[in-house]
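Content type mmCIF, C-alpha atoms, from the file final09.cif:
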```cif
data_work
#
loop_
_atom_site.group_PDB
_atom_site.id
_atom_site.type_symbol
_atom_site.label_atom_id
_atom_site.label_comp_id
_atom_site.auth_asym_id
_atom_site.auth_seq_id
_atom_site.Cartn_x
_atom_site.Cartn_y
_atom_site.Cartn_z
ATOM 1 C CA MET M 1 3.164 -22.948 4.365
ATOM 2 C CA ASN M 2 5.694 -20.508 2.913
ATOM 3 C CA LEU M 3 4.867 -16.949 1.859
ATOM 4 C CA ASN M 4 4.280 -17.913 -1.784
ATOM 5 C CA GLU M 5 1.770 -20.553 -0.757
ATOM 6 C CA LEU M 6 0.072 -18.152 1.648
ATOM 7 C CA LYS M 7 -0.094 -15.497 -1.083
ATOM 8 C CA ASP M 8 -1.729 -17.975 -3.463
ATOM 9 C CA LEU M 9 -4.230 -18.887 -0.767
ATOM 10 C CA ALA M 10 -5.044 -15.208 -0.218
ATOM 11 C CA ILE M 11 -5.452 -14.691 -3.979
ATOM 12 C CA GLY M 12 -7.849 -17.638 -4.132
ATOM 13 C CA ALA M 13 -9.855 -16.228 -1.239
ATOM 14 C CA ALA M 14 -9.992 -12.803 -2.897
ATOM 15 C CA ILE M 15 -11.154 -14.293 -6.199
ATOM 16 C CA GLN M 16 -13.889 -16.299 -4.484
ATOM 17 C CA ALA M 17 -15.024 -13.208 -2.571
ATOM 18 C CA GLY M 18 -14.971 -11.132 -5.749
ATOM 19 C CA GLU M 19 -17.082 -13.625 -7.656
ATOM 20 C CA PHE M 20 -19.620 -13.614 -4.824
ATOM 21 C CA LEU M 21 -19.735 -9.807 -4.793
ATOM 22 C CA ASN M 22 -20.070 -9.570 -8.575
ATOM 23 C CA LYS M 23 -22.993 -12.012 -8.572
ATOM 24 C CA SER M 24 -24.711 -9.923 -5.918
ATOM 25 C CA LYS M 25 -24.200 -6.520 -7.563
ATOM 26 C CA LEU M 26 -27.724 -6.177 -8.917
ATOM 27 C CA GLU M 27 -29.461 -7.638 -5.879
ATOM 28 C CA GLU M 28 -30.947 -5.529 -3.129
ATOM 29 C CA LYS M 29 -28.248 -4.822 -0.551
ATOM 30 C CA ALA M 30 -29.465 -5.030 3.033
ATOM 31 C CA VAL M 31 -28.002 -2.494 5.453
ATOM 32 C CA TYR M 32 -27.352 -3.609 9.004
ATOM 33 C CA LYS M 33 -25.744 -0.425 10.281
ATOM 34 C CA GLU M 34 -25.599 3.184 9.130
ATOM 35 C CA GLU M 35 -23.855 5.688 11.340
ATOM 36 C CA GLY M 36 -22.621 9.100 10.252
ATOM 37 C CA ARG M 37 -20.968 8.683 6.861
ATOM 38 C CA ASP M 38 -20.339 4.975 7.390
ATOM 39 C CA ILE M 39 -22.529 2.198 6.025
ATOM 40 C CA LYS M 40 -22.372 -1.544 6.751
ATOM 41 C CA LEU M 41 -24.047 -4.175 4.592
ATOM 42 C CA ILE M 42 -25.031 -7.746 5.353
ATOM 43 C CA ILE M 43 -22.966 -8.731 2.340
ATOM 44 C CA ASP M 44 -19.868 -7.292 4.065
ATOM 45 C CA GLN M 45 -20.383 -9.892 6.778
ATOM 46 C CA ASP M 46 -21.147 -12.711 4.329
ATOM 47 C CA THR M 47 -18.027 -11.922 2.307
ATOM 48 C CA GLU M 48 -15.808 -11.850 5.370
ATOM 49 C CA LYS M 49 -17.165 -15.267 6.366
ATOM 50 C CA LEU M 50 -16.119 -16.604 2.948
ATOM 51 C CA ILE M 51 -12.602 -15.201 3.289
ATOM 52 C CA ARG M 52 -12.213 -16.442 6.854
ATOM 53 C CA SER M 53 -13.301 -19.909 5.752
ATOM 54 C CA SER M 54 -10.565 -19.944 3.089
ATOM 55 C CA LEU M 55 -7.842 -18.722 5.455
ATOM 56 C CA LYS M 56 -8.855 -20.857 8.428
ATOM 57 C CA ALA M 57 -6.698 -23.785 7.296
ATOM 58 C CA THR M 58 -3.535 -21.759 7.939
ATOM 59 C CA ASP M 59 -4.215 -21.612 11.697
ATOM 60 C CA ILE M 60 -3.046 -17.991 11.560
ATOM 61 C CA PRO M 61 -5.145 -15.534 13.624
ATOM 62 C CA ILE M 62 -7.461 -13.260 11.644
ATOM 63 C CA LEU M 63 -8.327 -9.598 12.189
ATOM 64 C CA GLY M 64 -11.253 -8.462 10.060
ATOM 65 C CA GLU M 65 -13.417 -5.384 9.762
ATOM 66 C CA GLU M 66 -16.685 -7.214 10.393
ATOM 67 C CA TYR M 67 -15.843 -9.844 12.990
ATOM 68 C CA GLY M 68 -12.856 -8.313 14.716
ATOM 69 C CA GLY M 69 -9.849 -10.075 16.158
ATOM 70 C CA GLU M 70 -6.613 -8.822 17.657
ATOM 71 C CA ILE M 71 -3.258 -7.574 16.415
ATOM 72 C CA ALA M 72 -1.017 -10.537 17.211
ATOM 73 C CA GLU M 73 2.667 -10.540 18.130
ATOM 74 C CA GLY M 74 3.441 -13.011 15.365
ATOM 75 C CA LYS M 75 1.765 -13.470 12.001
ATOM 76 C CA TYR M 76 -1.892 -12.571 11.522
ATOM 77 C CA TRP M 77 -4.234 -11.979 8.617
ATOM 78 C CA VAL M 78 -5.901 -8.592 8.161
ATOM 79 C CA ILE M 79 -8.938 -8.561 5.889
ATOM 80 C CA ASP M 80 -11.410 -6.023 4.572
ATOM 81 C CA PRO M 81 -14.170 -7.872 2.695
ATOM 82 C CA ILE M 82 -15.265 -4.724 0.838
ATOM 83 C CA ASP M 83 -13.092 -1.649 1.009
ATOM 84 C CA GLY M 84 -15.326 1.051 -0.403
ATOM 85 C CA THR M 85 -18.644 -0.354 0.824
ATOM 86 C CA ALA M 86 -20.496 2.901 0.116
ATOM 87 C CA ASN M 87 -19.292 2.731 -3.497
ATOM 88 C CA TYR M 88 -20.382 -0.892 -3.814
ATOM 89 C CA PHE M 89 -23.773 -0.008 -2.345
ATOM 90 C CA ARG M 90 -24.323 2.674 -4.990
ATOM 91 C CA GLY M 91 -22.978 0.628 -7.904
ATOM 92 C CA LEU M 92 -19.633 2.446 -8.224
ATOM 93 C CA ASP M 93 -16.619 0.368 -9.227
ATOM 94 C CA GLU M 94 -14.068 1.884 -6.820
ATOM 95 C CA CYS M 95 -14.232 -0.954 -4.315
ATOM 96 C CA CYS M 96 -12.199 -4.071 -3.683
ATOM 97 C CA VAL M 97 -11.345 -7.050 -1.509
ATOM 98 C CA SER M 98 -8.236 -6.499 0.613
ATOM 99 C CA ILE M 99 -6.206 -9.220 2.344
ATOM 100 C CA ALA M 100 -2.849 -8.810 4.099
ATOM 101 C CA LEU M 101 -0.568 -11.045 6.114
ATOM 102 C CA MET M 102 1.094 -9.055 8.851
ATOM 103 C CA GLU M 103 3.870 -9.815 11.308
ATOM 104 C CA GLY M 104 3.827 -7.251 14.052
ATOM 105 C CA ASN M 105 3.509 -3.903 12.281
ATOM 106 C CA GLU M 106 4.947 -5.121 8.970
ATOM 107 C CA ALA M 107 3.005 -6.438 5.992
ATOM 108 C CA LEU M 108 4.490 -9.624 4.521
ATOM 109 C CA ILE M 109 1.797 -10.153 1.874
ATOM 110 C CA GLY M 110 -0.630 -7.767 0.219
ATOM 111 C CA VAL M 111 -3.532 -8.767 -2.040
ATOM 112 C CA ILE M 112 -6.003 -6.183 -3.367
ATOM 113 C CA HIS M 113 -8.631 -7.401 -5.819
ATOM 114 C CA ASN M 114 -10.790 -4.948 -7.730
ATOM 115 C CA PHE M 115 -13.371 -7.518 -8.751
ATOM 116 C CA ASN M 116 -15.208 -4.969 -10.896
ATOM 117 C CA ASN M 117 -12.479 -4.932 -13.549
ATOM 118 C CA ASN M 118 -10.567 -8.099 -12.639
ATOM 119 C CA GLN M 119 -7.466 -6.237 -11.456
ATOM 120 C CA MET M 120 -5.448 -8.243 -8.936
ATOM 121 C CA TYR M 121 -2.667 -6.390 -7.122
ATOM 122 C CA THR M 122 -0.245 -8.646 -5.215
ATOM 123 C CA ALA M 123 3.004 -8.295 -3.297
ATOM 124 C CA ILE M 124 5.290 -10.331 -1.073
ATOM 125 C CA LYS M 125 7.947 -8.692 1.084
ATOM 126 C CA ASP M 126 11.259 -8.441 -0.823
ATOM 127 C CA HIS M 127 9.732 -9.927 -3.992
ATOM 128 C CA GLY M 128 8.195 -6.923 -5.740
ATOM 129 C CA ALA M 129 4.647 -5.853 -6.511
ATOM 130 C CA PHE M 130 2.463 -6.962 -9.404
ATOM 131 C CA LEU M 131 -0.773 -6.180 -11.217
ATOM 132 C CA ASN M 132 -2.200 -9.297 -12.861
ATOM 133 C CA ASN M 133 1.304 -10.847 -12.773
ATOM 134 C CA THR M 134 2.952 -7.834 -14.435
ATOM 135 C CA LYS M 135 5.527 -6.083 -12.258
ATOM 136 C CA ILE M 136 4.553 -2.572 -11.183
ATOM 137 C CA SER M 137 6.436 0.366 -9.735
ATOM 138 C CA VAL M 138 5.683 3.813 -8.378
ATOM 139 C CA SER M 139 5.877 6.879 -10.602
ATOM 140 C CA ASP M 140 8.990 8.991 -11.098
ATOM 141 C CA ILE M 141 7.188 12.328 -10.682
ATOM 142 C CA ALA M 142 9.101 14.514 -8.226
ATOM 143 C CA SER M 143 7.080 17.739 -8.238
ATOM 144 C CA LYS M 144 3.710 18.400 -6.583
ATOM 145 C CA SER M 145 2.813 20.644 -9.486
ATOM 146 C CA LYS M 146 2.890 17.608 -11.779
ATOM 147 C CA ALA M 147 1.598 15.031 -9.303
ATOM 148 C CA SER M 148 -1.771 13.526 -8.392
ATOM 149 C CA ILE M 149 -2.798 13.113 -4.769
ATOM 150 C CA THR M 150 -5.578 10.812 -3.628
ATOM 151 C CA THR M 151 -7.227 11.424 -0.275
ATOM 152 C CA GLY M 152 -10.526 11.404 1.581
ATOM 153 C CA PHE M 153 -12.420 14.445 2.802
ATOM 154 C CA PRO M 154 -12.437 14.237 6.607
ATOM 155 C CA ALA M 155 -15.596 14.449 8.672
ATOM 156 C CA SER M 156 -14.559 17.802 10.132
ATOM 157 C CA THR M 157 -16.522 19.300 13.003
ATOM 158 C CA THR M 158 -15.331 22.865 12.392
ATOM 159 C CA ILE M 159 -14.933 25.204 9.424
ATOM 160 C CA GLU M 160 -11.327 25.783 10.496
ATOM 161 C CA ALA M 161 -10.498 22.071 10.231
ATOM 162 C CA SER M 162 -12.034 21.884 6.773
ATOM 163 C CA MET M 163 -10.137 24.974 5.641
ATOM 164 C CA ASN M 164 -6.855 23.524 6.921
ATOM 165 C CA PHE M 165 -7.520 20.338 4.953
ATOM 166 C CA LEU M 166 -8.193 22.319 1.778
ATOM 167 C CA GLU M 167 -5.109 24.459 2.354
ATOM 168 C CA ASN M 168 -2.952 21.315 2.363
ATOM 169 C CA LEU M 169 -4.280 20.405 -1.086
ATOM 170 C CA LYS M 170 -2.837 23.499 -2.709
ATOM 171 C CA GLY M 171 -0.105 22.925 -5.248
ATOM 172 C CA TRP M 172 -1.084 19.483 -6.506
ATOM 173 C CA LYS M 173 -1.795 19.079 -10.220
ATOM 174 C CA LYS M 174 -4.758 16.766 -9.625
ATOM 175 C CA ILE M 175 -6.766 15.711 -6.561
ATOM 176 C CA ARG M 176 -8.702 12.446 -6.515
ATOM 177 C CA MET M 177 -11.047 10.960 -3.904
ATOM 178 C CA PHE M 178 -11.837 7.325 -4.684
ATOM 179 C CA GLY M 179 -13.505 6.290 -1.427
ATOM 180 C CA SER M 180 -11.165 3.317 -0.989
ATOM 181 C CA ALA M 181 -7.916 3.477 0.967
ATOM 182 C CA ALA M 182 -6.828 0.095 -0.375
ATOM 183 C CA LEU M 183 -7.236 1.125 -4.020
ATOM 184 C CA SER M 184 -5.588 4.471 -3.316
ATOM 185 C CA CYS M 185 -2.503 2.607 -2.089
ATOM 186 C CA ALA M 186 -2.643 0.272 -5.096
ATOM 187 C CA TYR M 187 -2.804 3.276 -7.413
ATOM 188 C CA VAL M 188 0.300 4.785 -5.811
ATOM 189 C CA ALA M 189 2.075 1.425 -6.085
ATOM 190 C CA SER M 190 1.219 1.146 -9.786
ATOM 191 C CA GLY M 191 2.096 4.750 -10.647
ATOM 192 C CA LYS M 192 -1.494 5.767 -11.391
ATOM 193 C CA CYS M 193 -1.282 8.305 -8.560
ATOM 194 C CA ASP M 194 1.756 9.698 -6.803
ATOM 195 C CA TYR M 195 0.698 10.377 -3.216
ATOM 196 C CA TYR M 196 -2.017 9.222 -0.816
ATOM 197 C CA ALA M 197 -2.796 10.835 2.532
ATOM 198 C CA GLU M 198 -5.746 10.290 4.843
ATOM 199 C CA LYS M 199 -6.645 10.475 8.521
ATOM 200 C CA GLY M 200 -9.095 8.196 10.319
ATOM 201 C CA VAL M 201 -8.564 4.934 8.448
ATOM 202 C CA PHE M 202 -8.289 1.486 10.016
ATOM 203 C CA LEU M 203 -5.550 -1.120 9.677
ATOM 204 C CA TRP M 204 -7.645 -3.317 7.370
ATOM 205 C CA ASP M 205 -8.067 -0.344 5.024
ATOM 206 C CA PHE M 206 -4.364 -0.034 4.198
ATOM 207 C CA ALA M 207 -2.507 -3.142 5.456
ATOM 208 C CA ALA M 208 -2.355 -4.855 2.055
ATOM 209 C CA GLY M 209 -1.659 -1.553 0.345
ATOM 210 C CA SER M 210 1.342 -0.904 2.573
ATOM 211 C CA CYS M 211 3.028 -4.041 1.245
ATOM 212 C CA LEU M 212 2.257 -3.053 -2.339
ATOM 213 C CA VAL M 213 3.631 0.473 -1.987
ATOM 214 C CA LYS M 214 6.873 -0.663 -0.364
ATOM 215 C CA GLU M 215 7.453 -3.457 -2.864
ATOM 216 C CA ALA M 216 6.764 -1.087 -5.760
ATOM 217 C CA GLY M 217 9.549 1.205 -4.552
ATOM 218 C CA GLY M 218 7.507 3.749 -2.622
ATOM 219 C CA ASN M 219 7.267 4.857 0.980
ATOM 220 C CA ILE M 220 4.404 4.485 3.432
ATOM 221 C CA THR M 221 4.078 5.674 7.016
ATOM 222 C CA TYR M 222 1.200 5.304 9.400
ATOM 223 C CA SER M 223 0.551 6.266 13.013
ATOM 224 C CA LEU M 224 -2.321 5.872 15.429
ATOM 225 C CA ILE M 225 -4.428 8.955 16.015
ATOM 226 C CA ASP M 226 -6.762 7.276 18.513
ATOM 227 C CA LYS M 227 -7.497 3.779 19.798
ATOM 228 C CA ASP M 228 -7.675 2.066 16.390
ATOM 229 C CA ARG M 229 -7.653 4.697 13.641
ATOM 230 C CA TYR M 230 -4.584 5.799 11.735
ATOM 231 C CA GLU M 231 -3.136 8.620 9.724
ATOM 232 C CA VAL M 232 -1.565 7.174 6.569
ATOM 233 C CA ILE M 233 0.795 8.711 4.024
ATOM 234 C CA ALA M 234 1.930 6.725 0.973
ATOM 235 C CA SER M 235 4.077 8.157 -1.792
ATOM 236 C CA ASN M 236 6.417 7.370 -4.635
ATOM 237 C CA GLY M 237 9.250 8.453 -2.333
ATOM 238 C CA LEU M 238 10.084 11.519 -4.401
ATOM 239 C CA ILE M 239 7.448 13.948 -3.189
#
```
Written as structure tokens, how would this file's structure read?
Amino acid sequence: MNLNELKDLAIGAAIQAGEFLNKSKLEEKAVYKEEGRDIKLIIDQDTEKLIRSSLKATDIPILGEEYGGEIAEGKYWVIDPIDGTANYFRGLDECCVSIALMEGNEALIGVIHNFNNNQMYTAIKDHGAFLNNTKISVSDIASKSKASITTGFPASTTIEASMNFLENLKGWKKIRMFGSAALSCAYVASGKCDYYAEKGVFLWDFAAGSCLVKEAGGNITYSLIDKDRYEVIASNGLI
């Protein structure tokens, strides 16, 4: 299968997952794990099973938040069944399905589906980024004083660490915390925000978003800060 066919397959999987999640919105959501600020739902697992079932025919290895897997040398899928699980749990709409096709450390395909408002962000390497089939691009804002940053408040263990985080937020026109790394990247790619920075996220949180940001004309960098968590910075390339 070529990249277009694989993208279409990922879109189909995201739509199916989104329909399942929408139908389950008003049902009681069973928690299987709650640790610190993190929460895991049974429906996270059920949704990942649906996505894996759709992608299985490709014979491409899968790395997912719920059922694991490994970063492969060649192509591999990276999926987050619900990015923004805590938002979904509380009935907030800032959550999405995220599916990426990676090759090594590079995203070849990115699909982010906000099933709450039927917004489908898609990208293929060297073929641009789109929102519901309309081409998107990053903003042209070049000054922090006019720009919006999206981030996540870190789980700091000291007052000093929290103060340093707040100090770095000085100078921005607006600060937004959506609770979804994937949507934050999609918002940078579509020019809704101008900069995204966060520490402690996982590959499945931003893999699809990295493809979107690059294909929309922006920049994204990420580096490991421990065994499997990353620091990510995505921008319009001007700030």
> For M:Ala142, which residue among M:Leu238, M:Glu66, M:Lys214, M:Ser190 is the nearest when counting all atoms listed in the file?
Replying inline: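 Among the listed residues, the smallest separation from M:Ala142 belongs to M:Leu238.
Here the PyMOL selection byres ((chain M and resi 19) around 12) captures the residues M:Gly12, M:Ala13, M:Ala14, M:Ile15, M:Gln16, M:Ala17, M:Gly18, M:Phe20, M:Leu21, M:Asn22, M:Lys23, M:Ser24, M:Lys25, M:Thr47, M:Leu50, M:Ile51, M:Cys96, M:Val97, M:His113, M:Asn114, M:Phe115, M:Asn116, M:Asn117, M:Asn118.
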Export of the given selection (C-alpha atoms) as a CSV table (one decimal), in the frame of the given file:
```csv
chain,number,residue,atom,x,y,z
M,12,GLY,CA,-7.8,-17.6,-4.1
M,13,ALA,CA,-9.9,-16.2,-1.2
M,14,ALA,CA,-10.0,-12.8,-2.9
M,15,ILE,CA,-11.2,-14.3,-6.2
M,16,GLN,CA,-13.9,-16.3,-4.5
M,17,ALA,CA,-15.0,-13.2,-2.6
M,18,GLY,CA,-15.0,-11.1,-5.7
M,20,PHE,CA,-19.6,-13.6,-4.8
M,21,LEU,CA,-19.7,-9.8,-4.8
M,22,ASN,CA,-20.1,-9.6,-8.6
M,23,LYS,CA,-23.0,-12.0,-8.6
M,24,SER,CA,-24.7,-9.9,-5.9
M,25,LYS,CA,-24.2,-6.5,-7.6
M,47,THR,CA,-18.0,-11.9,2.3
M,50,LEU,CA,-16.1,-16.6,2.9
M,51,ILE,CA,-12.6,-15.2,3.3
M,96,CYS,CA,-12.2,-4.1,-3.7
M,97,VAL,CA,-11.3,-7.0,-1.5
M,113,HIS,CA,-8.6,-7.4,-5.8
M,114,ASN,CA,-10.8,-4.9,-7.7
M,115,PHE,CA,-13.4,-7.5,-8.8
M,116,ASN,CA,-15.2,-5.0,-10.9
M,117,ASN,CA,-12.5,-4.9,-13.5
M,118,ASN,CA,-10.6,-8.1,-12.6
```
>> Give me the residues near M:Thr221 as number ranges by chain, where near means some atom within 9 Å (using only C-alpha atoms) and where sequence neighbours in that chain fewer than 3 positions away do not count.
In response: M: 210, 231-234
Which stretch 11-78 of chain M residues have any atom within 8 Å of an atom of stretch 199-206 of chain M, and for each, what is the nearest pair of atoms with distance in Å to one decimal, counting only C-alpha atoms, rows sorted by chain and number, as a Markdown table?
```
| residue | atom | partner | partner_atom | distance |
| --- | --- | --- | --- | --- |
| M:Leu63 | CA | M:Trp204 | CA | 7.9 |
| M:Gly64 | CA | M:Trp204 | CA | 6.8 |
| M:Glu65 | CA | M:Trp204 | CA | 6.6 |
| M:Val78 | CA | M:Trp204 | CA | 5.6 |
```
Would you tabulate, counting all atoms listed in the file, all residues of stretch 34-127 of chain M that have an atom at most 12 Å from an atom of stretch 148-167 of chain M, showing the closest pair of atoms and their distance in Å to one decimal, sorted by chain then ascending number, as CSV?
```
residue,atom,partner,partner_atom,distance
M:Gly36,CA,M:Ala155,CA,9.0
M:Arg37,CA,M:Ala155,CA,8.1
M:Asp38,CA,M:Ala155,CA,10.7
M:Gly84,CA,M:Gly152,CA,11.6
```
> What residues come out when you apply the PyMOL selection byres ((chain M and resi 175) around 12) to this file, written as a ChimeraX atom specification?
Replying inline: /M:144-153,166,168-174,176-178,184,193-197
All residues 9 Å or closer to M:Ile39, all atoms listed in the file, same chain fewer than 4 positions away omitted, as a PDB file with C-alpha atoms, in the coordinates of the input:
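Writing done, so here's out.pdb:
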```pdb
ATOM      1  CA  VAL M  31     -28.002  -2.494   5.453  1.00  0.00           C
ATOM      2  CA  TYR M  32     -27.352  -3.609   9.004  1.00  0.00           C
ATOM      3  CA  LYS M  33     -25.744  -0.425  10.281  1.00  0.00           C
ATOM      4  CA  GLU M  34     -25.599   3.184   9.130  1.00  0.00           C
ATOM      5  CA  GLU M  35     -23.855   5.688  11.340  1.00  0.00           C
ATOM      6  CA  THR M  85     -18.644  -0.354   0.824  1.00  0.00           C
ATOM      7  CA  ALA M  86     -20.496   2.901   0.116  1.00  0.00           C
ATOM      8  CA  PHE M  89     -23.773  -0.008  -2.345  1.00  0.00           C
TER       9      PHE M  89
END
```
>> Using all atoms listed in the file for the distances, tell me which of M:Met120, M:Ile43, M:Leu183, M:Val111 is nearest to M:Thr134.
In response: M:Met120
> Hey, which of M:Ala207, M:Glu27, M:Asp140, M:Gly128 ends up closest to M:Tyr76? Count all atoms listed in the file.
Replying inline: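 The answer is M:Ala207, which sits nearest to M:Tyr76.
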> What is the distance, in Å and to one decimal place, between atom CA of M:Leu3 and atom CA of M:Val213?
Replying inline: 17.9 Å
>> I'd like the neighbourhood of M:His127 as a PyMOL selection string, where a residue qualifies if any of its atoms comes within 12 Å (using only C-alpha atoms), though same-chain residues fewer than 4 positions away should be ignored.
In response: chain M and resi 3-4+7+108-110+122-123+135-136+211-212+214-217
Given 5 Å on each side, where is the centre and what are the edge lengths in Å to one decimal of the axis-aligned box enclosing the listed atoms of stretch 172-191 of chain M, as JSON?
```
{"center_x": -5.7, "center_y": 9.8, "center_z": -4.8, "size_x": 25.6, "size_y": 29.4, "size_z": 21.6}
```
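Distances here use only C-alpha atoms; by that measure, the residue among M:Asn133, M:Asp8, M:Asn236, M:Ser143 closest to M:Gly191 is M:Asn236.
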>> Calculated over only C-alpha atoms, which of the candidates M:Lys125, M:Asn105, M:Ala186, M:Asp83 has the smallest distance to M:Ser223?
In response: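 Of M:Lys125, M:Asn105, M:Ala186, M:Asp83, the one nearest M:Ser223, counting only C-alpha atoms, is M:Asn105.
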> If you measure from atom CA of M:Gln119 to atom CA of M:Ala100, what distance in Å do you get, rounded to one decimal?
Replying inline: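 One can read the atom CA of M:Gln119 to atom CA of M:Ala100 distance as 16.4 Å.
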>> Just the number, please: distance in Å from atom CA of M:Lys227 to atom CA of M:Glu73, one decimal.
In response: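 Going from atom CA of M:Lys227 over to atom CA of M:Glu73 covers 17.6 Å.
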> Restricting the calculation to all atoms listed in the file, which member of M:Ala181, M:Tyr187, M:Tyr121, M:Met102 is positioned closest to M:Glu70?
Replying inline: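 Closest candidate: M:Met102.
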>> So that I can check the surroundings of M:Lys75, please list as a VMD selection string every protein, DNA and RNA residue that reaches within 9 Å of it, counting only C-alpha atoms and ignoring chain neighbours fewer than 4 positions away.
In response: chain M and resid 60 to 61 71 101 to 104 108
Please produce stretch 192-203 of chain M, completed to N, CA and C atoms, as a short mmCIF file (atom, residue, chain, number, x, y, z; two decimals), in the coordinates of the input.
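Dumped everything to out.cif:
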```
data_model
loop_
_atom_site.label_atom_id
_atom_site.label_comp_id
_atom_site.auth_asym_id
_atom_site.auth_seq_id
_atom_site.Cartn_x
_atom_site.Cartn_y
_atom_site.Cartn_z
N LYS M 192 -0.30 5.09 -10.88
CA LYS M 192 -1.49 5.77 -11.39
C LYS M 192 -1.73 7.07 -10.63
N CYS M 193 -1.31 7.11 -9.39
CA CYS M 193 -1.28 8.30 -8.56
C CYS M 193 0.10 8.36 -7.91
N ASP M 194 0.41 9.51 -7.31
CA ASP M 194 1.76 9.70 -6.80
C ASP M 194 1.83 9.81 -5.28
N TYR M 195 0.69 10.10 -4.66
CA TYR M 195 0.70 10.38 -3.22
C TYR M 195 -0.69 10.08 -2.66
N TYR M 196 -0.74 9.48 -1.49
CA TYR M 196 -2.02 9.22 -0.82
C TYR M 196 -1.87 9.64 0.64
N ALA M 197 -2.82 10.41 1.14
CA ALA M 197 -2.80 10.84 2.53
C ALA M 197 -4.22 10.87 3.07
N GLU M 198 -4.41 10.29 4.25
CA GLU M 198 -5.75 10.29 4.84
C GLU M 198 -5.64 10.05 6.34
N LYS M 199 -6.54 10.68 7.08
CA LYS M 199 -6.64 10.48 8.52
C LYS M 199 -7.94 9.74 8.84
N GLY M 200 -7.89 8.85 9.84
CA GLY M 200 -9.10 8.20 10.32
C GLY M 200 -9.37 6.85 9.70
N VAL M 201 -8.37 6.25 9.05
CA VAL M 201 -8.56 4.93 8.45
C VAL M 201 -8.13 3.84 9.42
N PHE M 202 -8.59 2.63 9.15
CA PHE M 202 -8.29 1.49 10.02
C PHE M 202 -7.23 0.59 9.37
N LEU M 203 -6.64 -0.27 10.17
CA LEU M 203 -5.55 -1.12 9.68
C LEU M 203 -5.98 -1.94 8.46
#
```
